[in-house]
Amino acid sequence: MTDVADFPWQEPAALDPAVVRRAWRLAEPLHAMIYFVPEAHERYAALGIPEPAGYFASRAAALGPVGPGPVVATFFNFNPDLVARVLPAAWERVTPAAVLAARLEAADAALTRALGDAVHGPEMVEAAGLLRRAAESATAHPEGRPLFAAHAALPWPDQPHLVLWQAQTVLREFRGDGHVAALVLAELTGLEALVLHAASGEVPVRFLRRTRGWNGQQWADAVERLRGRGLIEGDEPTLTDRGRAQRAWIEAATDRLATPAYLTLGADGCARLAELTRPMSRAVVDAGLLDVDNAVPSRADRVASRST
């Protein structure tokens, strides 16, 4: 199993990964809301792909009309049976281009609902410019990042708030592909990564199982595997010291792998980006755009309940 210590061949990071993490976290709600808002669910349903097909098709559409294999591999922690229930069948009803257009329309409507006239303000223009610079800079590092590369190849919208949304989407997938690399190096499956996350106490087990489609027996088997590796303990599993160290290593590796995208901004640019996006993200949260009760895929409840 991978040692949690730093690798000896690594050079010091050119930009403090903690600075990068803060810039990403404060902007992330501006992208992540797309997985919760009714504006998205309604548009996918109108295309004939109600949830959970809408989620999988919309996020995978940049890859083209792919089947479940690439989605399971790149999304990483979803039950393959859940993905196979909706892909490639969704592409019999709709094209990837139509889904991408619907997703962008949903982002427009939801951000306008939350931010009002601020979508046209100078802060939005500046933040969008910074995020686009980072997203375009990241294209120099496509290796091993398929979901990022697919999104980075999409055309840019014209309006600043949509530029901001798309840039944060690109950066989110850049970071996500790096996170998957860290999880693979830590020798964790997608389900095991979820169990380890739940054991940290940061996210409820029910939410992770419901949205990722895993049944009770599958979850219990993963718990026992991680218990056998000394990463979790207790009847209601919590992290052991080794488990905390493993998660800390994964998060540090993810932060470091995300750093190249933000080098063009430097520490000052990252700080300015955080300053600009913090009130925007707060407005998104206050408007209810991240309501977990609207999380998808909704069909996961039925998939999981069959074998509980």
# chains A, B, ... in the order shown; residues from 1 in each chain; ligands from 1

call {"tool": "residues_around", "arguments": {"residues": "segment 102-109 of chain A", "least_positions_apart": "3", "cutoff": "8 Å", "atoms": "only C-alpha atoms", "output": "list of chain:residue names"}}
result
A:Ile34, A:Glu39, A:Ala40, A:Arg43, A:Tyr44, A:Ser58, A:Ala98, A:Val99, A:Thr112, A:Arg113, A:His161, A:Leu162, A:Trp165

call {"tool": "select_by_dssp", "arguments": {"residues": "segment 74-229 of chain A", "states": "helix (DSSP H, G or I)", "output": "count of residues only"}}
result
119

call {"tool": "residues_around", "arguments": {"residues": "segment 277-281 of chain A", "least_positions_apart": "3", "cutoff": "6 Å", "atoms": "only C-alpha atoms", "output": "PyMOL selection string"}}
result
chain A and resi 26-27+29-30+274+284

call {"tool": "write_last_selection", "arguments": {"atoms": "C-alpha atoms", "output": "short mmCIF file (atom, residue, chain, number, x, y, z; two decimals), in the first residue's frame"}}
result
data_model
loop_
_atom_site.label_atom_id
_atom_site.label_comp_id
_atom_site.auth_asym_id
_atom_site.auth_seq_id
_atom_site.Cartn_x
_atom_site.Cartn_y
_atom_site.Cartn_z
CA LEU A 26 -14.41 29.66 -2.40
CA ALA A 27 -15.36 29.53 -6.09
CA PRO A 29 -20.27 26.61 -5.19
CA LEU A 30 -20.57 28.65 -8.39
CA ALA A 274 -10.97 34.24 -3.45
CA VAL A 284 -25.52 30.95 -4.09
#

call {"tool": "residues_around", "arguments": {"residues": "Arg242 of chain A", "least_positions_apart": "2", "cutoff": "9 Å", "atoms": "only C-alpha atoms", "output": "ChimeraX atom specification"}}
result
/A:4,230-232,239-240,244-247

call {"tool": "write_last_selection", "arguments": {"atoms": "C-alpha atoms", "output": "mmCIF file, in the first residue's frame"}}
result
data_model
loop_
_atom_site.group_PDB
_atom_site.id
_atom_site.type_symbol
_atom_site.label_atom_id
_atom_site.label_comp_id
_atom_site.auth_asym_id
_atom_site.auth_seq_id
_atom_site.Cartn_x
_atom_site.Cartn_y
_atom_site.Cartn_z
ATOM 1 C CA VAL A 4 1.461 8.378 3.170
ATOM 2 C CA GLY A 230 -6.339 -0.737 9.437
ATOM 3 C CA LEU A 231 -7.889 2.437 8.001
ATOM 4 C CA ILE A 232 -11.164 2.429 9.962
ATOM 5 C CA LEU A 239 -10.846 6.733 10.875
ATOM 6 C CA THR A 240 -7.869 5.226 12.618
ATOM 7 C CA ARG A 244 -6.481 9.958 8.904
ATOM 8 C CA ALA A 245 -2.941 9.958 7.587
ATOM 9 C CA GLN A 246 -4.101 8.296 4.374
ATOM 10 C CA ARG A 247 -6.828 10.868 3.829
#

call {"tool": "closest_atom_pairs", "arguments": {"of": "segment 68-134 of chain A", "to": "segment 144-160 of chain A", "cutoff": "9 Å", "atoms": "only C-alpha atoms", "output": "JSON lines"}}
result
{"residue": "A:Thr74", "atom": "CA", "partner": "A:Leu147", "partner_atom": "CA", "distance": 6.5}
{"residue": "A:Phe75", "atom": "CA", "partner": "A:Leu147", "partner_atom": "CA", "distance": 8.5}
{"residue": "A:Leu104", "atom": "CA", "partner": "A:Pro157", "partner_atom": "CA", "distance": 8.7}
{"residue": "A:Val119", "atom": "CA", "partner": "A:Pro160", "partner_atom": "CA", "distance": 7.2}
{"residue": "A:His120", "atom": "CA", "partner": "A:Pro160", "partner_atom": "CA", "distance": 7.1}
{"residue": "A:Gly121", "atom": "CA", "partner": "A:Pro160", "partner_atom": "CA", "distance": 9.0}
{"residue": "A:Met124", "atom": "CA", "partner": "A:Pro160", "partner_atom": "CA", "distance": 6.4}
{"residue": "A:Val125", "atom": "CA", "partner": "A:Pro160", "partner_atom": "CA", "distance": 5.4}
{"residue": "A:Glu126", "atom": "CA", "partner": "A:Pro160", "partner_atom": "CA", "distance": 8.6}
{"residue": "A:Ala127", "atom": "CA", "partner": "A:Pro160", "partner_atom": "CA", "distance": 8.6}
{"residue": "A:Ala128", "atom": "CA", "partner": "A:Pro160", "partner_atom": "CA", "distance": 5.8}
{"residue": "A:Gly129", "atom": "CA", "partner": "A:Pro160", "partner_atom": "CA", "distance": 8.1}

call {"tool": "residues_around", "arguments": {"residues": "Pro68 of chain A", "least_positions_apart": "3", "cutoff": "12 Å", "atoms": "only C-alpha atoms", "output": "PyMOL selection string"}}
result
chain A and resi 53+56-57+60+63-65+71-76+78-91

call {"tool": "write_last_selection", "arguments": {"atoms": "C-alpha atoms", "output": "compact mmCIF listing (two decimals), in the first residue's frame"}}
result
# COMPACT_ATOMS: atom_id res chain seq x y z
CA ALA A 53 -29.79 10.21 -16.66
CA PHE A 56 -24.59 11.44 -16.05
CA ALA A 57 -25.33 12.62 -19.58
CA ALA A 60 -20.22 13.20 -19.63
CA LEU A 63 -16.71 13.22 -23.94
CA GLY A 64 -19.29 12.53 -26.66
CA PRO A 65 -21.99 9.80 -26.69
CA VAL A 71 -18.12 7.40 -17.07
CA VAL A 72 -17.46 4.79 -14.37
CA ALA A 73 -13.73 5.30 -14.85
CA THR A 74 -13.72 9.10 -14.79
CA PHE A 75 -16.53 9.80 -12.31
CA PHE A 76 -14.89 7.09 -10.17
CA PHE A 78 -20.62 5.60 -8.73
CA ASN A 79 -22.10 2.13 -8.80
CA PRO A 80 -21.45 0.83 -12.34
CA ASP A 81 -24.92 -0.75 -12.40
CA LEU A 82 -26.49 2.67 -11.86
CA VAL A 83 -24.50 4.22 -14.69
CA ALA A 84 -25.33 1.35 -17.05
CA ARG A 85 -29.05 1.87 -16.44
CA VAL A 86 -28.94 5.30 -18.10
CA LEU A 87 -25.99 5.19 -20.52
CA PRO A 88 -25.76 4.78 -23.45
CA ALA A 89 -29.59 4.77 -23.56
CA ALA A 90 -29.72 8.54 -23.01
CA TRP A 91 -27.98 9.11 -26.36

call {"tool": "closest_residue", "arguments": {"among": "A:Ala271, A:Leu185, A:Leu276, A:Ala261", "to": "Ala134 of chain A", "atoms": "only C-alpha atoms"}}
result
A:Ala261

call {"tool": "closest_residue", "arguments": {"among": "A:Leu131, A:Leu47, A:Leu208, A:Ala198", "to": "Thr95 of chain A", "atoms": "only C-alpha atoms"}}
result
A:Leu47

call {"tool": "select_by_dssp", "arguments": {"residues": "segment 143-242 of chain A", "states": "strand (DSSP E or B)", "output": "PyMOL selection string"}}
result
chain A and resi 232-233+238-239

call {"tool": "closest_residue", "arguments": {"among": "A:Ala181, A:Val205, A:Val285, A:Ala14", "to": "Pro260 of chain A", "atoms": "only C-alpha atoms"}}
result
A:Ala14

call {"tool": "residues_around", "arguments": {"residues": "Ala199 of chain A", "least_positions_apart": "5", "cutoff": "9 Å", "atoms": "only C-alpha atoms", "output": "list in words"}}
result
Leu194, Pro204, Val205, Ile232, Glu233, Glu236, Pro237, Thr238, Leu239 and Gly243 of chain A

call {"tool": "atom_distance", "arguments": {"atom1": "atom CA of Trp249 of chain A", "atom2": "atom CA of Val292 of chain A"}}
result
27.6 Å

call {"tool": "atom_distance", "arguments": {"atom1": "atom CA of Trp24 of chain A", "atom2": "atom CA of Leu191 of chain A"}}
result
24.8 Å

call {"tool": "closest_residue", "arguments": {"among": "A:Val19, A:Pro38, A:Arg272, A:Glu11", "to": "Glu51 of chain A", "atoms": "only C-alpha atoms"}}
result
A:Pro38

call {"tool": "closest_residue", "arguments": {"among": "A:Asp255, A:Asp293, A:Asp241, A:Asp268", "to": "His179 of chain A", "atoms": "only C-alpha atoms"}}
result
A:Asp255

call {"tool": "residues_around", "arguments": {"residues": "Ala258 of chain A", "least_positions_apart": "5", "cutoff": "8 Å", "atoms": "only C-alpha atoms", "output": "PyMOL selection string"}}
result
chain A and resi 17+20+174-175+178
